[in-house]
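Okay, coords_39.cif now, which holds mmCIF, C-alpha atoms and all ligand atoms:
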```cif
data_final
#
loop_
_atom_site.label_atom_id
_atom_site.label_comp_id
_atom_site.auth_asym_id
_atom_site.auth_seq_id
_atom_site.Cartn_x
_atom_site.Cartn_y
_atom_site.Cartn_z
CA MET A 29 32.52 -110.96 129.77
CA PRO A 30 28.86 -110.65 128.70
CA THR A 31 26.70 -113.37 130.15
CA THR A 32 24.02 -113.94 127.53
CA ALA A 33 24.83 -112.23 124.22
CA SER A 34 25.80 -114.64 121.43
CA SER A 35 28.40 -113.63 118.89
CA PRO A 36 26.70 -111.27 116.41
CA THR A 37 29.22 -112.14 113.69
CA LEU A 38 28.37 -115.86 113.42
CA ALA A 39 25.29 -117.09 111.57
CA GLY A 40 22.63 -118.55 113.84
CA ARG A 41 21.65 -122.22 113.75
CA SER A 42 18.59 -124.17 114.80
CA PRO A 43 18.85 -126.98 117.37
CA ALA A 44 17.98 -129.48 114.62
CA VAL A 45 21.31 -128.85 112.86
CA SER A 46 23.33 -130.42 115.67
CA GLU A 47 20.96 -132.80 117.50
CA LEU A 48 22.03 -136.41 117.77
CA THR A 49 20.86 -139.78 119.08
CA LEU A 50 23.39 -142.49 119.90
CA SER A 51 22.13 -146.02 120.51
CA GLN A 52 24.14 -148.65 122.32
CA ILE A 53 23.61 -152.14 123.74
CA MET A 54 24.52 -152.35 127.43
CA ASP A 55 26.97 -155.13 128.25
CA GLN A 56 28.10 -156.72 131.50
CA HIS A 57 31.37 -154.74 131.76
CA HIS A 58 29.85 -151.73 133.54
CA THR A 59 27.54 -153.17 136.16
CA ASN A 60 27.20 -152.23 139.81
CA LEU A 61 26.73 -154.48 142.83
CA MET A 62 23.04 -154.78 141.97
CA GLY A 63 23.89 -156.21 138.57
CA THR A 64 22.40 -153.22 136.74
CA VAL A 65 24.34 -150.69 134.67
CA HIS A 66 26.51 -148.27 136.64
CA GLY A 67 25.30 -144.66 136.64
CA GLY A 68 28.80 -143.56 135.68
CA ARG A 69 28.51 -145.52 132.43
CA ILE A 70 25.30 -143.66 131.57
CA LEU A 71 26.91 -140.32 132.52
CA ASN A 72 29.86 -141.12 130.27
CA LEU A 73 27.52 -141.60 127.31
CA VAL A 74 25.57 -138.44 128.23
CA ASP A 75 28.77 -136.37 128.37
CA SER A 76 30.11 -137.84 125.11
CA VAL A 77 26.95 -137.23 123.10
CA ALA A 78 26.58 -133.71 124.54
CA GLY A 79 30.17 -133.02 123.51
CA VAL A 80 29.50 -134.05 119.91
CA VAL A 81 26.37 -131.90 119.75
CA ALA A 82 28.21 -128.88 121.18
CA ALA A 83 31.09 -129.42 118.73
CA ARG A 84 28.63 -129.63 115.83
CA HIS A 85 26.90 -126.40 116.83
CA SER A 86 30.15 -124.52 117.38
CA ASP A 87 32.31 -126.05 114.60
CA GLY A 88 35.07 -127.08 116.97
CA PRO A 89 35.97 -128.56 120.32
CA ALA A 90 33.92 -127.92 123.43
CA VAL A 91 34.59 -128.91 127.03
CA THR A 92 32.14 -129.76 129.80
CA ALA A 93 31.84 -126.93 132.32
CA ALA A 94 28.95 -128.37 134.32
CA ILE A 95 26.58 -131.31 134.44
CA ASP A 96 23.51 -130.58 136.46
CA GLU A 97 19.93 -131.61 137.07
CA THR A 98 20.93 -135.20 136.39
CA ALA A 99 18.16 -137.61 137.25
CA PHE A 100 18.32 -141.41 137.10
CA LEU A 101 14.71 -142.48 136.70
CA GLU A 102 14.90 -146.26 136.20
CA ALA A 103 17.62 -148.90 136.39
CA VAL A 104 19.30 -149.87 133.12
CA ARG A 105 19.87 -153.59 132.64
CA VAL A 106 22.41 -155.62 130.74
CA GLY A 107 20.98 -156.25 127.27
CA ASP A 108 18.98 -153.03 127.18
CA VAL A 109 19.43 -150.85 124.10
CA VAL A 110 19.86 -147.29 125.38
CA HIS A 111 19.20 -144.29 123.18
CA VAL A 112 21.00 -141.10 124.22
CA HIS A 113 19.44 -138.05 122.62
CA ALA A 114 21.05 -134.60 122.93
CA ARG A 115 20.13 -131.18 121.60
CA ILE A 116 21.25 -127.61 122.20
CA THR A 117 18.66 -125.64 124.17
CA TRP A 118 20.51 -122.34 124.58
CA ALA A 119 23.70 -120.65 123.39
CA GLY A 120 25.47 -117.69 124.95
CA ARG A 121 28.75 -116.05 124.04
CA SER A 122 30.94 -119.14 124.40
CA SER A 123 28.73 -121.54 126.36
CA MET A 124 25.86 -123.78 125.28
CA GLU A 125 23.31 -125.71 127.28
CA VAL A 126 22.71 -129.25 126.03
CA ALA A 127 19.67 -131.22 127.20
CA VAL A 128 20.09 -134.98 127.17
CA THR A 129 17.42 -137.63 127.54
CA VAL A 130 18.18 -141.33 127.81
CA THR A 131 15.61 -144.03 127.07
CA ALA A 132 16.02 -147.80 127.18
CA ASP A 133 14.45 -150.54 125.12
CA ARG A 134 14.31 -153.65 127.28
CA TRP A 135 16.01 -156.51 125.47
CA ASP A 136 12.74 -158.36 124.87
CA ARG A 137 10.75 -155.16 124.19
CA SER A 138 8.24 -156.41 126.74
CA VAL A 139 7.37 -152.82 127.62
CA PRO A 140 7.52 -149.58 125.60
CA ALA A 141 10.81 -147.62 125.57
CA THR A 142 11.45 -146.46 129.14
CA PRO A 143 12.86 -143.01 130.07
CA VAL A 144 15.88 -143.82 132.30
CA ALA A 145 17.80 -140.54 132.73
CA THR A 146 17.84 -136.83 131.96
CA ALA A 147 20.55 -134.21 132.32
CA HIS A 148 21.48 -130.66 131.39
CA LEU A 149 25.10 -129.87 130.57
CA VAL A 150 26.94 -126.61 130.09
CA MET A 151 29.50 -127.01 127.32
CA VAL A 152 32.04 -124.27 126.53
CA ALA A 153 33.58 -123.94 123.07
CA VAL A 154 37.35 -123.56 123.35
CA ASP A 155 40.18 -122.55 121.03
CA GLU A 156 43.54 -124.29 120.61
CA LEU A 157 44.73 -122.75 123.91
CA GLY A 158 41.69 -124.03 125.78
CA GLN A 159 40.25 -120.53 126.06
CA PRO A 160 36.53 -119.85 125.50
CA ARG A 161 35.68 -118.86 121.90
CA PRO A 162 32.46 -117.41 120.44
CA VAL A 163 29.68 -119.75 119.32
CA PRO A 164 26.89 -119.18 116.77
CA PRO A 165 23.60 -117.96 118.24
CA LEU A 166 20.88 -120.58 118.65
CA ILE A 167 17.78 -119.85 116.58
CA PRO A 168 14.71 -121.64 117.97
CA GLN A 169 12.57 -122.83 115.04
CA THR A 170 9.47 -124.20 116.72
CA THR A 171 7.37 -123.20 119.70
CA GLU A 172 8.85 -126.20 121.51
CA ASP A 173 12.39 -124.94 120.72
CA GLN A 174 11.37 -121.54 122.06
CA ARG A 175 9.92 -123.07 125.24
CA ARG A 176 13.13 -125.03 125.84
CA TYR A 177 15.21 -121.89 125.20
CA GLU A 178 13.28 -119.91 127.82
CA LEU A 179 13.59 -122.72 130.39
CA ALA A 180 17.33 -122.94 129.66
CA GLN A 181 17.66 -119.21 130.27
CA ILE A 182 16.05 -119.63 133.69
CA ARG A 183 18.48 -122.46 134.54
CA ARG A 184 21.39 -120.31 133.31
CA GLU A 185 20.38 -117.43 135.60
CA HIS A 186 20.10 -119.81 138.55
CA ARG A 187 23.53 -121.33 137.82
CA LEU A 188 25.17 -117.92 137.66
CA ALA A 189 23.39 -116.76 140.83
CA LEU A 190 24.52 -119.93 142.64
CA ARG A 191 28.11 -119.44 141.48
CA ARG A 192 28.04 -115.84 142.69
CA ALA A 193 26.57 -116.84 146.04
CA LEU A 194 29.06 -119.68 146.56
CA GLY A 195 31.89 -117.40 145.45
CA ALA A 196 31.13 -115.26 148.47
CA HIS A 197 32.10 -118.27 150.62
CA PRO A 198 35.57 -119.30 149.36
CA GLY A 199 37.16 -122.55 150.52
CA GLY A 200 35.39 -125.07 148.28
CA LEU A 201 33.55 -128.14 149.55
C1 LIG A 301 35.01 -124.31 131.05
C2 LIG A 301 36.20 -123.35 131.01
C3 LIG A 301 36.80 -123.32 129.61
C4 LIG A 301 35.65 -121.97 131.37
O1 LIG A 301 36.74 -121.11 131.41
P1 LIG A 301 36.64 -119.70 132.19
O2 LIG A 301 37.94 -119.03 132.14
O3 LIG A 301 35.98 -119.92 133.51
O4 LIG A 301 35.69 -118.91 131.23
P2 LIG A 301 34.56 -117.86 131.53
O5 LIG A 301 34.42 -117.49 132.98
O6 LIG A 301 34.79 -116.76 130.55
O7 LIG A 301 33.26 -118.67 131.12
C5 LIG A 301 33.03 -119.03 129.78
C6 LIG A 301 31.56 -119.34 129.64
O8 LIG A 301 31.27 -120.53 130.36
C7 LIG A 301 30.25 -120.29 131.31
N1 LIG A 301 30.58 -121.13 132.46
C8 LIG A 301 31.81 -121.45 132.91
N2 LIG A 301 31.72 -122.28 133.97
C9 LIG A 301 30.39 -122.49 134.18
C10 LIG A 301 29.64 -123.25 135.11
N3 LIG A 301 30.22 -123.96 136.09
N4 LIG A 301 28.30 -123.23 135.03
C11 LIG A 301 27.68 -122.52 134.06
N5 LIG A 301 28.32 -121.78 133.12
C12 LIG A 301 29.67 -121.75 133.21
C13 LIG A 301 30.32 -118.81 131.56
O9 LIG A 301 29.09 -118.28 132.06
C14 LIG A 301 30.62 -118.27 130.18
O10 LIG A 301 29.45 -118.31 129.38
P3 LIG A 301 29.23 -117.29 128.13
O11 LIG A 301 30.56 -117.12 127.45
O12 LIG A 301 28.25 -117.99 127.25
O13 LIG A 301 28.71 -116.01 128.70
C15 LIG A 301 37.30 -123.74 132.05
O14 LIG A 301 36.77 -123.62 133.37
C16 LIG A 301 37.80 -125.16 131.84
O15 LIG A 301 38.61 -125.40 130.96
N6 LIG A 301 37.31 -126.09 132.68
C17 LIG A 301 37.70 -127.50 132.54
C18 LIG A 301 36.82 -128.17 131.48
C19 LIG A 301 37.10 -129.65 131.39
O16 LIG A 301 38.23 -130.08 131.41
N7 LIG A 301 36.00 -130.42 131.33
C20 LIG A 301 36.10 -131.84 131.36
C21 LIG A 301 36.04 -132.26 132.78
S1 LIG A 301 36.37 -133.96 133.03
#
```
Take the structure I supplied and represent it as structure tokens, if you would.
Amino acid sequence: MPTTASSPTLAGRSPAVSELTLSQIMDQHHTNLMGTVHGGRILNLVDSVAGVVAARHSDGPAVTAAIDETAFLEAVRVGDVVHVHARITWAGRSSMEVAVTVTADRWDRSVPATPVATAHLVMVAVDELGQPRPVPPLIPQTTEDQRRYELAQIRREHRLALRRALGAHPGGL
């Protein structure tokens, strides 16, 4: 299967067509022993929003193939309003990279919105049998879109190289 060529038969789309921000108030149901919000709760939101964005870009369901470069920058507290923003940075034949940034407004807005997490996800568009299906090409519109696209391509090459290298050492973890 080709590794980078998008489907030539589907019309290209800009990242702006599918980008999305979900805002949610953090409650006490997902706290850790420190009393702050569990990282898994944040990851759940990241994965969900990335899934919607990938589905919007590809006009159908998409599954998560990989979540990488996840960084938790600051603790999220009960009462914070978190904003999860996701946008497509790159599209291949059936896969898409989605970049997600999470910021938090402290409940009393005592400080400016705080960046709390970032992640890059590889989402794969699938058909009714769960098999990869072609996605529209991504058309960067701005110089910032183009910059993100080029960075995503570098990450893609590193992911594939890592998979190849690890594949030479079967047996899993
Ligand atoms: C993701 C999935 C559909 C890929 O199926 P596959 O048979 O391995 O498909 P391919 O090898 O043809 O890969 C399809 C695309 O995904 C990319 N891909 C697959 N796994 C990847 C990974 N770990 N990292 C980066 N890219 C990956 C491939 O490079 C390819 O990209 P392209 O079509 O844009 O060139 C399949 O592994 C799957 O269903 N996984 C489970 C997904 C899931 O349930 N997620 C939720 C987890 S809780």
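Pairwise distance (CA of Val77 in chain A, CA of Val163 in chain A) equals 18.1 Å.
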Residues within 10 Å of ligand LIG 301 (chain A) (all atoms listed in the file), as a PyMOL selection string? chain A and resi 29-35+75+79+90-96+118-125+149-155+157-163+183-191
Could you pull out every residue with an atom within 12 Å of (18.3, -132.7, 113.6), file coordinates, counting only C-alpha atoms, and send them as a VMD selection string? chain A and resid 41 to 49 81 84 to 85 113 to 116 169
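For the pair CA of Ile70 in chain A and CA of Glu97 in chain A, the separation is 14.3 Å.
Interatomic distance, CA of Val110 in chain A against CA of Leu73 in chain A: 9.7 Å.
Distance check against Phe100 in chain A using all atoms listed in the file: of A:Thr117, A:Ala147, A:Ala82, A:His57, the minimum falls on A:Ala147.
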Considering all atoms listed in the file, return as a PyMOL selection string whatever protein or nucleic-acid residues lie within 12 Å of Arg134 in chain A, sequence-local ones (same chain, fewer than 4 positions apart) excluded. chain A and resi 53-54+102-111+138-144
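Distance annotation: of A:Ile167, A:Val74, A:Ala83, A:Leu101, the residue with the minimal separation from Ala127 in chain A is A:Val74; atom set is only C-alpha atoms.
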So which one's closest to Asp87 in chain A, A:Leu61, A:Ala39, A:Val128, A:Val112? Using only C-alpha atoms, please. A:Ala39
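Across A:Val80, A:Leu201, A:Leu71, A:Leu166, the tightest approach to His148 in chain A is made by A:Leu71 when counting all atoms listed in the file.
The nearest approach to Trp135 in chain A among the residues A:Leu50, A:Asn60, A:Asp55, A:Leu194, with only C-alpha atoms taken into account, belongs to A:Asp55.
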